[in-house]
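Peer 1: What follows is data_3.cif; its format and atoms are mmCIF, C-alpha atoms and all ligand atoms.
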data_coords
loop_
_atom_site.label_atom_id
_atom_site.label_comp_id
_atom_site.auth_asym_id
_atom_site.auth_seq_id
_atom_site.Cartn_x
_atom_site.Cartn_y
_atom_site.Cartn_z
CA MET F 17 0.00 0.00 0.00
CA GLY F 18 1.32 3.39 -0.98
CA ASP F 19 4.48 2.19 -2.65
CA PHE F 20 3.88 2.65 -6.38
CA VAL F 21 4.68 6.27 -7.17
CA PHE F 22 4.67 8.43 -10.25
CA TYR F 23 6.58 11.68 -9.95
CA SER F 24 6.39 14.25 -12.71
CA MET F 25 9.33 16.68 -12.53
CA ALA F 26 8.92 18.44 -15.85
CA SER F 27 6.51 18.08 -18.76
CA GLY F 28 6.40 20.07 -22.00
CA SER F 29 8.57 21.44 -24.78
CA SER F 30 11.04 22.99 -22.34
CA GLY F 31 11.84 19.65 -20.76
CA ASN F 32 10.42 16.31 -19.68
CA SER F 33 11.40 14.02 -16.85
CA TYR F 34 9.44 11.48 -14.83
CA TYR F 35 10.35 9.12 -12.01
CA ILE F 36 8.50 5.89 -11.33
CA GLY F 37 9.37 3.93 -8.24
CA ASN F 38 8.31 1.85 -5.27
CA GLY F 39 9.82 3.39 -2.16
CA GLN F 40 13.11 1.49 -2.44
CA TYR F 41 14.11 2.04 -6.04
CA GLY F 42 12.83 3.17 -9.39
CA PHE F 43 13.77 4.59 -12.75
CA LEU F 44 13.51 7.72 -14.84
CA ILE F 45 11.70 8.22 -18.09
CA ASP F 46 13.42 10.97 -20.06
CA ALA F 47 15.97 13.47 -18.78
CA GLY F 48 15.08 16.66 -20.61
CA ILE F 49 16.04 19.07 -17.84
CA SER F 50 19.41 19.46 -16.15
CA GLY F 51 20.79 16.58 -14.14
CA ARG F 52 21.17 18.88 -11.19
CA ALA F 53 17.47 19.80 -11.29
CA ILE F 54 16.46 16.13 -11.47
CA VAL F 55 18.67 15.26 -8.48
CA LYS F 56 17.22 18.18 -6.53
CA HIS F 57 13.63 17.19 -7.34
CA LEU F 58 14.31 13.55 -6.43
CA LYS F 59 15.83 14.61 -3.13
CA ALA F 60 12.59 16.40 -2.28
CA ILE F 61 10.86 13.00 -2.26
CA ASN F 62 13.78 11.28 -0.50
CA VAL F 63 15.14 9.50 -3.54
CA ASP F 64 18.88 9.59 -4.25
CA LEU F 65 20.85 8.46 -7.28
CA THR F 66 21.71 5.08 -5.76
CA GLN F 67 18.00 4.24 -5.98
CA VAL F 68 17.72 5.16 -9.67
CA ARG F 69 18.29 1.90 -11.55
CA ALA F 70 17.76 3.09 -15.11
CA LEU F 71 16.84 5.87 -17.47
CA PHE F 72 14.42 5.10 -20.29
CA VAL F 73 14.47 7.48 -23.24
CA THR F 74 11.34 7.97 -25.37
CA HIS F 75 13.11 9.70 -28.28
CA ILE F 76 16.05 11.82 -29.20
CA HIS F 77 14.57 15.34 -29.06
CA LYS F 78 16.44 17.63 -26.72
CA ASP F 79 13.49 18.26 -24.41
CA HIS F 80 13.76 14.53 -23.55
CA THR F 81 17.53 13.97 -23.63
CA LYS F 82 19.23 17.09 -22.28
CA SER F 83 20.97 15.44 -19.31
CA MET F 84 20.81 11.84 -20.55
CA SER F 85 24.57 11.59 -20.85
CA VAL F 86 25.14 12.89 -17.34
CA PHE F 87 23.17 9.88 -16.12
CA GLY F 88 24.64 7.44 -18.64
CA ASN F 89 28.17 8.66 -18.24
CA ARG F 90 29.12 10.51 -15.09
CA TRP F 91 26.53 8.85 -12.85
CA ASN F 92 26.85 5.39 -14.34
CA ILE F 93 23.15 4.74 -14.78
CA PRO F 94 22.05 2.38 -17.59
CA VAL F 95 20.26 4.16 -20.43
CA TYR F 96 17.56 2.15 -22.20
CA THR F 97 16.27 2.98 -25.65
CA THR F 98 16.14 1.32 -29.07
CA ARG F 99 19.29 0.47 -30.99
CA LYS F 100 18.38 3.04 -33.65
CA VAL F 101 18.03 5.80 -31.06
CA HIS F 102 21.40 4.88 -29.54
CA VAL F 103 22.93 5.23 -33.01
CA MET F 104 21.21 8.60 -33.47
CA ILE F 105 22.54 9.77 -30.10
CA ASP F 106 26.05 8.96 -31.31
CA GLU F 107 25.48 10.85 -34.54
CA ALA F 108 23.56 13.89 -33.27
CA ASN F 109 25.90 16.85 -33.17
CA TYR F 110 23.78 18.72 -30.63
CA ILE F 111 24.46 15.94 -28.11
CA HIS F 112 28.04 16.69 -27.19
CA LYS F 113 28.59 14.10 -24.51
CA LYS F 114 27.55 10.57 -25.38
CA VAL F 115 26.20 7.75 -23.29
CA SER F 116 29.20 5.62 -22.36
CA LYS F 117 29.27 2.20 -24.05
CA ILE F 118 29.00 0.21 -20.83
CA ASN F 119 25.79 1.98 -19.89
CA ARG F 120 23.93 1.45 -23.17
CA ARG F 121 20.98 -0.87 -22.92
CA TYR F 122 18.61 -1.84 -25.69
CA ILE F 123 14.85 -2.06 -25.48
CA GLU F 124 13.19 -2.49 -28.86
CA HIS F 125 9.49 -2.01 -29.50
CA GLU F 126 7.46 -4.89 -28.02
CA ASP F 127 10.40 -5.94 -25.80
CA ARG F 128 9.43 -6.53 -22.18
CA ILE F 129 12.18 -6.25 -19.61
CA GLN F 130 12.28 -6.74 -15.87
CA LEU F 131 13.73 -4.25 -13.45
CA GLY F 132 13.28 -5.53 -9.90
CA ASP F 133 9.53 -5.80 -9.39
CA PHE F 134 8.78 -3.66 -12.44
CA TYR F 135 8.19 -4.92 -15.97
CA ILE F 136 8.61 -2.40 -18.77
CA THR F 137 7.33 -2.90 -22.31
CA SER F 138 8.22 -0.53 -25.13
CA PHE F 139 5.88 0.27 -28.01
CA PHE F 140 6.15 2.36 -31.16
CA VAL F 141 4.86 5.96 -31.16
CA PRO F 142 4.75 7.99 -34.41
CA HIS F 143 6.56 11.35 -34.14
CA ASP F 144 9.10 13.31 -36.16
CA ALA F 145 12.16 11.68 -34.61
CA VAL F 146 13.63 8.23 -35.16
CA ASP F 147 12.05 5.20 -33.49
CA ASN F 148 10.03 6.91 -30.73
CA SER F 149 8.82 4.79 -27.83
CA GLY F 150 6.00 4.73 -25.35
CA PHE F 151 6.18 2.50 -22.28
CA ILE F 152 3.85 0.17 -20.41
CA ILE F 153 5.01 -0.21 -16.81
CA GLU F 154 3.63 -3.09 -14.77
CA TYR F 155 3.99 -3.22 -11.03
CA LYS F 156 2.22 -5.86 -8.96
CA GLY F 157 -0.38 -6.32 -11.67
CA ILE F 158 -1.07 -2.62 -12.15
CA LYS F 159 -0.32 -1.05 -15.52
CA LEU F 160 0.82 2.52 -16.03
CA VAL F 161 1.09 3.62 -19.66
CA LEU F 162 3.16 6.60 -20.76
CA ALA F 163 2.87 8.02 -24.28
CA THR F 164 4.25 11.44 -25.14
CA ASP F 165 5.01 13.30 -28.38
CA ILE F 166 2.32 11.44 -30.34
CA GLY F 167 1.70 12.24 -34.00
CA HIS F 168 -1.42 10.09 -34.20
CA ALA F 169 -3.05 7.05 -32.63
CA THR F 170 -1.71 3.72 -33.89
CA PRO F 171 -2.88 0.15 -33.16
CA GLN F 172 0.00 -0.18 -30.67
CA LEU F 173 -1.06 2.95 -28.81
CA ILE F 174 -4.71 1.94 -28.82
CA GLN F 175 -3.77 -1.45 -27.37
CA ALA F 176 -1.75 0.26 -24.64
CA VAL F 177 -4.66 2.57 -23.78
CA LYS F 178 -6.96 -0.45 -23.53
CA GLU F 179 -4.67 -2.05 -20.94
CA ALA F 180 -3.96 1.04 -18.84
CA ASP F 181 -4.95 1.31 -15.18
CA TYR F 182 -3.15 4.66 -15.16
CA LEU F 183 -2.50 6.66 -18.28
CA ILE F 184 -0.04 9.45 -18.98
CA VAL F 185 -0.90 10.79 -22.42
CA GLU F 186 0.06 13.83 -24.44
CA SER F 187 -2.58 16.57 -24.69
CA ASN F 188 -0.40 19.10 -26.43
CA HIS F 189 -2.57 21.78 -27.93
CA ASP F 190 -6.04 23.04 -28.60
CA ARG F 191 -6.60 22.86 -32.35
CA GLN F 192 -8.23 26.29 -32.50
CA MET F 193 -5.52 27.95 -30.42
CA LEU F 194 -2.83 26.45 -32.63
CA GLU F 195 -4.56 27.62 -35.81
CA ASN F 196 -5.10 31.15 -34.53
CA GLY F 197 -1.85 31.38 -32.59
CA SER F 198 1.44 33.06 -33.30
CA TYR F 199 3.46 30.06 -34.52
CA PRO F 200 4.90 30.39 -38.04
CA MET F 201 2.90 28.40 -40.60
CA GLU F 202 5.66 25.79 -40.95
CA LEU F 203 5.66 25.06 -37.24
CA LYS F 204 1.84 24.94 -37.10
CA LYS F 205 1.91 22.33 -39.85
CA ARG F 206 4.60 20.32 -38.10
CA VAL F 207 2.77 20.28 -34.76
CA ALA F 208 -0.57 19.32 -36.34
CA SER F 209 0.91 16.70 -38.68
CA ASP F 210 0.74 12.92 -38.40
CA VAL F 211 4.19 12.93 -36.82
CA GLY F 212 3.74 16.01 -34.65
CA HIS F 213 1.87 16.33 -31.38
CA MET F 214 -1.51 15.15 -30.13
CA CYS F 215 -4.22 17.78 -29.61
CA ASN F 216 -6.65 17.86 -26.68
CA GLU F 217 -9.57 16.69 -28.81
CA ASP F 218 -7.76 13.64 -30.22
CA ALA F 219 -6.35 12.67 -26.83
CA ALA F 220 -9.84 12.89 -25.29
CA GLN F 221 -11.39 10.85 -28.08
CA LEU F 222 -8.65 8.22 -27.90
CA VAL F 223 -9.02 7.71 -24.16
CA ALA F 224 -12.83 7.87 -24.13
CA THR F 225 -13.11 5.33 -26.95
CA TYR F 226 -10.61 2.73 -25.80
CA ARG F 227 -10.15 3.01 -22.05
CA LYS F 228 -11.18 0.17 -19.81
CA ASP F 229 -13.96 0.78 -17.31
CA SER F 230 -11.54 0.50 -14.42
CA LEU F 231 -9.13 3.19 -15.67
CA ARG F 232 -8.10 4.94 -12.47
CA HIS F 233 -6.49 8.23 -13.46
CA VAL F 234 -5.45 10.19 -16.55
CA PHE F 235 -2.43 12.50 -16.51
CA LEU F 236 -2.12 14.92 -19.40
CA CYS F 237 1.45 15.60 -20.42
CA HIS F 238 3.51 17.80 -22.75
CA LEU F 239 1.02 20.70 -22.78
CA SER F 240 1.96 23.58 -25.05
CA VAL F 241 2.43 26.89 -23.28
CA GLU F 242 1.40 28.86 -26.39
CA ASN F 243 -1.45 26.78 -27.68
CA ASN F 244 -3.11 25.29 -24.64
CA THR F 245 -4.06 25.85 -21.03
CA PRO F 246 -4.20 23.20 -18.31
CA GLU F 247 -7.86 24.11 -17.70
CA LEU F 248 -8.79 23.60 -21.34
CA ALA F 249 -6.89 20.31 -21.66
CA VAL F 250 -8.49 18.93 -18.49
CA ALA F 251 -11.97 20.16 -19.48
CA THR F 252 -11.71 18.55 -22.92
CA MET F 253 -10.71 15.20 -21.40
CA ARG F 254 -13.39 15.47 -18.69
CA ASN F 255 -16.08 16.21 -21.28
CA ALA F 256 -15.21 13.00 -23.04
CA LEU F 257 -14.73 10.81 -19.95
CA GLY F 258 -17.35 12.10 -17.56
CA ASP F 259 -16.48 12.71 -13.94
CA LYS F 260 -15.70 9.13 -12.86
CA VAL F 261 -12.05 9.18 -13.88
CA PRO F 262 -9.77 11.77 -12.25
CA VAL F 263 -7.88 13.91 -14.76
CA ASP F 264 -4.80 16.04 -14.01
CA ALA F 265 -2.64 18.16 -16.26
CA LEU F 266 1.06 17.79 -15.48
CA ASN F 267 2.78 21.05 -14.72
CA ARG F 268 5.55 22.23 -17.03
CA ASN F 269 8.14 22.72 -14.28
CA VAL F 270 6.58 22.19 -10.86
CA PRO F 271 7.09 18.63 -9.59
CA GLN F 272 3.98 16.63 -8.73
CA LEU F 273 3.97 13.36 -6.80
CA PHE F 274 1.15 10.84 -7.26
CA ILE F 275 0.75 7.71 -5.14
CA LEU F 276 -0.75 5.16 -7.51
CA SER F 277 -1.28 2.28 -5.12
ZN ZN F 301 8.89 16.69 -26.56
ZN ZN F 302 9.59 15.25 -29.59
#
In structure tokens, what does this structure look like?
Ligand SMILES: [Zn+2]
Ligand SMILES: [Zn+2]
Peer 2:
Amino acid sequence: MGDFVFYSMASGSSGNSYYIGNGQYGFLIDAGISGRAIVKHLKAINVDLTQVRALFVTHIHKDHTKSMSVFGNRWNIPVYTTRKVHVMIDEANYIHKKVSKINRRYIEHEDRIQLGDFYITSFFVPHDAVDNSGFIIEYKGIKLVLATDIGHATPQLIQAVKEADYLIVESNHDRQMLENGSYPMELKKRVASDVGHMCNEDAAQLVATYRKDSLRHVFLCHLSVENNTPELAVATMRNALGDKVPVDALNRNVPQLFILS
């Protein structure tokens, strides 16, 4: 009781990082803010680096990888992502420090790996980077699904939503706000494209259509600061789901701790 935690430290285009753990140990998903900030935020919930067993990386974009190499190099923490993403990390010239070879771990789409009492399955997510992943995390029979930076719903994503007891899903923008907003046309097209970001309406429809009855909580992630508001994202999801399932928007830079079970 009270030992499965989800801790959102940062969510959005200026950085993403999440910790999932059980009181003794856990792992990070994405390290898109500074390593120092992550350590500080973890300390606030009494977690230190010796308890962090791994870092899982969803994709190569900087808002998800900024301090990845600090973990996978200086702090000697294994970094899990697909083989293709590891190759991209080596080749990307904006990533100056690389993940050291001994800390590279591979998790391909549909692979299921064990980390203590956690089981983590990777699945494909369409987005404008190479080989993006979402993750299904199982702990004592409870499934938490995380999918961020989603261009559109795929069969793999739909299947993950169907299985989720807890769901962290991108609700990036309001379609109207994006259309009428100040982004240059190119960027508007990129965000709204099949390999861009998921809007509030599509996220709400996806979850409302495929969720199981016993879905316990929805967390909306990667909200745009320009083209969305937390109130609007939550209201859109609530309209679709009714009031039986709690819905929270994850803050861009204020950590939030949720006790899942
Ligand atoms: Zn992102
Ligand atoms: Zn991205």
Peer 1: Every residue with an atom at most 10 Å from (8.4, 27.3, -16.4) (file coordinates; all atoms listed in the file) is what I'm after, so could you write them as a list in words?
Peer 2: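 Looking at atoms near the point gives Ala26, Ser27, Gly28, Ser30, Gly31, Val241, Asn267, Arg268, Asn269 and Val270 of chain F.
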Peer 1: May I have the residues within 9 Å of ligand ZN 301 (chain F), computed using all atoms listed in the file, as a list of chain:residue names?
Peer 2: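 Those within range of ligand ZN 301 (chain F) are F:Ser27, F:Gly28, F:Ser29, F:Ser30, F:Gly31, F:Asn32, F:Gly48, F:His75, F:His77, F:Lys78, F:Asp79, F:His80, F:Thr164, F:Asp165, F:His213, F:His238.
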Peer 1: Here is a test: counting all atoms listed in the file, which residue of F:Val161, F:Ala47, F:Val185, F:Leu203 is nearest to F:Ile93?
Peer 2: F:Ala47
Peer 1: Fewer than 2 positions away in the same chain doesn't count, so skip those; otherwise give me all residues within 10 Å of F:Thr245, counting only C-alpha atoms, as a PyMOL selection string.
Peer 2: chain F and resi 188-190+193+239-243+247-251+265
Peer 1: Go ahead and save the picked residues with C-alpha atoms, as a PDB file, in the frame of the given file.
Peer 2:
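Output file out_5.pdb is given in full below:
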ATOM      1  CA  ASN F 188      -0.400  19.100 -26.430  1.00  0.00           C
ATOM      2  CA  HIS F 189      -2.570  21.780 -27.930  1.00  0.00           C
ATOM      3  CA  ASP F 190      -6.040  23.040 -28.600  1.00  0.00           C
ATOM      4  CA  MET F 193      -5.520  27.950 -30.420  1.00  0.00           C
ATOM      5  CA  LEU F 239       1.020  20.700 -22.780  1.00  0.00           C
ATOM      6  CA  SER F 240       1.960  23.580 -25.050  1.00  0.00           C
ATOM      7  CA  VAL F 241       2.430  26.890 -23.280  1.00  0.00           C
ATOM      8  CA  GLU F 242       1.400  28.860 -26.390  1.00  0.00           C
ATOM      9  CA  ASN F 243      -1.450  26.780 -27.680  1.00  0.00           C
ATOM     10  CA  GLU F 247      -7.860  24.110 -17.700  1.00  0.00           C
ATOM     11  CA  LEU F 248      -8.790  23.600 -21.340  1.00  0.00           C
ATOM     12  CA  ALA F 249      -6.890  20.310 -21.660  1.00  0.00           C
ATOM     13  CA  VAL F 250      -8.490  18.930 -18.490  1.00  0.00           C
ATOM     14  CA  ALA F 251     -11.970  20.160 -19.480  1.00  0.00           C
ATOM     15  CA  ALA F 265      -2.640  18.160 -16.260  1.00  0.00           C
TER      16      ALA F 265
END
Peer 1: Report the distance between atom CA of F:Gly150 and atom CA of F:Phe274 in Å, rounded to one decimal place.
Peer 2: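 So the answer is 19.7 Å.
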Peer 1: Figure out the distance between atom CA of F:Thr252 and atom CA of F:Met201, please, to one decimal in Å.
Peer 2: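 Between atom CA of F:Met201 and atom CA of F:Thr252 the gap works out to 25.0 Å.
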Peer 1: Edge lengths and centre in Å to one decimal, as AutoDock Vina command-line options, is what I'm after for the box along x, y and z that holds all listed atoms of stretch 137-151 of chain F once 8 Å is added on each side.
Peer 2:
--center_x 9.2 --center_y 5.2 --center_z -29.2 --size_x 24.9 --size_y 32.2 --size_z 29.9
Peer 1: Please list as a PyMOL selection string every residue within 12 Å of F:His143, counting all atoms listed in the file and excluding residues in the same chain fewer than 2 positions away.
Peer 2: chain F and resi 74-77+140-141+145-150+163-170+186+206-214
Peer 1: Could the residues in this selection be saved with C-alpha atoms as a PDB file, in the coordinates of the input?
Peer 2:
ATOM      1  CA  THR F  74      11.340   7.970 -25.370  1.00  0.00           C
ATOM      2  CA  HIS F  75      13.110   9.700 -28.280  1.00  0.00           C
ATOM      3  CA  ILE F  76      16.050  11.820 -29.200  1.00  0.00           C
ATOM      4  CA  HIS F  77      14.570  15.340 -29.060  1.00  0.00           C
ATOM      5  CA  PHE F 140       6.150   2.360 -31.160  1.00  0.00           C
ATOM      6  CA  VAL F 141       4.860   5.960 -31.160  1.00  0.00           C
ATOM      7  CA  ALA F 145      12.160  11.680 -34.610  1.00  0.00           C
ATOM      8  CA  VAL F 146      13.630   8.230 -35.160  1.00  0.00           C
ATOM      9  CA  ASP F 147      12.050   5.200 -33.490  1.00  0.00           C
ATOM     10  CA  ASN F 148      10.030   6.910 -30.730  1.00  0.00           C
ATOM     11  CA  SER F 149       8.820   4.790 -27.830  1.00  0.00           C
ATOM     12  CA  GLY F 150       6.000   4.730 -25.350  1.00  0.00           C
ATOM     13  CA  ALA F 163       2.870   8.020 -24.280  1.00  0.00           C
ATOM     14  CA  THR F 164       4.250  11.440 -25.140  1.00  0.00           C
ATOM     15  CA  ASP F 165       5.010  13.300 -28.380  1.00  0.00           C
ATOM     16  CA  ILE F 166       2.320  11.440 -30.340  1.00  0.00           C
ATOM     17  CA  GLY F 167       1.700  12.240 -34.000  1.00  0.00           C
ATOM     18  CA  HIS F 168      -1.420  10.090 -34.200  1.00  0.00           C
ATOM     19  CA  ALA F 169      -3.050   7.050 -32.630  1.00  0.00           C
ATOM     20  CA  THR F 170      -1.710   3.720 -33.890  1.00  0.00           C
ATOM     21  CA  GLU F 186       0.060  13.830 -24.440  1.00  0.00           C
ATOM     22  CA  ARG F 206       4.600  20.320 -38.100  1.00  0.00           C
ATOM     23  CA  VAL F 207       2.770  20.280 -34.760  1.00  0.00           C
ATOM     24  CA  ALA F 208      -0.570  19.320 -36.340  1.00  0.00           C
ATOM     25  CA  SER F 209       0.910  16.700 -38.680  1.00  0.00           C
ATOM     26  CA  ASP F 210       0.740  12.920 -38.400  1.00  0.00           C
ATOM     27  CA  VAL F 211       4.190  12.930 -36.820  1.00  0.00           C
ATOM     28  CA  GLY F 212       3.740  16.010 -34.650  1.00  0.00           C
ATOM     29  CA  HIS F 213       1.870  16.330 -31.380  1.00  0.00           C
ATOM     30  CA  MET F 214      -1.510  15.150 -30.130  1.00  0.00           C
TER      31      MET F 214
END
Peer 1: Of the residues F:Arg69, F:Asp144, F:Ile45, F:Ile54, which is the one nearest to ligand ZN 302 (chain F), using all atoms listed in the file?
Peer 2: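 Closest residue, counting all atoms listed in the file: F:Asp144.
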Peer 1: What does the structure give for the distance between atom CA of F:Gly132 and atom CA of F:Asp64, in Å to one decimal?
Peer 2: 17.1 Å
Peer 1: Within 9 Å of (24.1, -3.0, -28.0), in the coordinates the file gives, what residues turn up when you count all atoms listed in the file, written out as a ChimeraX atom specification?
Peer 2: /F:99,102,117,120-122
Peer 1: Do you know which residues are at most 9 Å from F:Asp19 counting only C-alpha atoms, after dropping those on the same chain fewer than 4 positions away, and could you put them as a list in words?
Peer 2: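 The residues satisfying every condition are Gly37, Asn38, Gly39, Gln40, Ile275, Leu276 and Ser277 of chain F.
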Peer 1: Please identify all polymer residues within 12 Å of F:Arg90, counting all atoms listed in the file, omitting same-chain residues fewer than 6 positions from it, and present them as a VMD selection string.
Peer 2: chain F and resid 51 65 83 to 84 113 to 116 118 to 119
Peer 1: With distances taken over only C-alpha atoms and all ligand atoms, which residue among F:Met253, F:Ala224, F:Ala219, F:Val73 lies nearest ligand ZN 302 (chain F)?
Peer 2: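 Ranked by minimum distance to ligand ZN 302 (chain F), first place goes to F:Val73.
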Peer 1: Calculated over all atoms listed in the file, which of the candidates F:Gly258, F:Pro246, F:Pro200, F:Pro142 has the smallest distance to ligand ZN 302 (chain F)?
Peer 2: F:Pro142
Peer 1: What lies within 12 Å of F:Ala60 using all atoms listed in the file, ignoring chain neighbours under 5 positions off, as a list in words?
Peer 2: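 My reading of the contact set: Tyr23, Met25, Ala53, Ile54, Val55, Val270, Pro271, Gln272 and Leu273 of chain F.
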Peer 1: Out of F:Ile153, F:Gly88, F:Arg128, F:Ser138, which residue has the shortest atom-to-atom distance to F:Ile36 when counting all atoms listed in the file?
Peer 2: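 For F:Ile36, the nearest of the given residues is F:Ile153.
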Peer 1: Pick from F:Asn216, F:Thr81, F:Asn196, F:Asn89: nearest to ligand ZN 302 (chain F), with only C-alpha atoms and all ligand atoms counted?
Peer 2: F:Thr81
Peer 1: Sorted by chain and rising residue number, which residues of stretch 97-141 of chain F lie within 8 Å of stretch 154-160 of chain F, and what are their closest atom pairs and distances in Å to one decimal, counting only C-alpha atoms, as JSON lines?
Peer 2:
{"residue": "F:Asp133", "atom": "CA", "partner": "F:Tyr155", "partner_atom": "CA", "distance": 6.3}
{"residue": "F:Phe134", "atom": "CA", "partner": "F:Tyr155", "partner_atom": "CA", "distance": 5.0}
{"residue": "F:Tyr135", "atom": "CA", "partner": "F:Glu154", "partner_atom": "CA", "distance": 5.1}
{"residue": "F:Ile136", "atom": "CA", "partner": "F:Glu154", "partner_atom": "CA", "distance": 6.4}
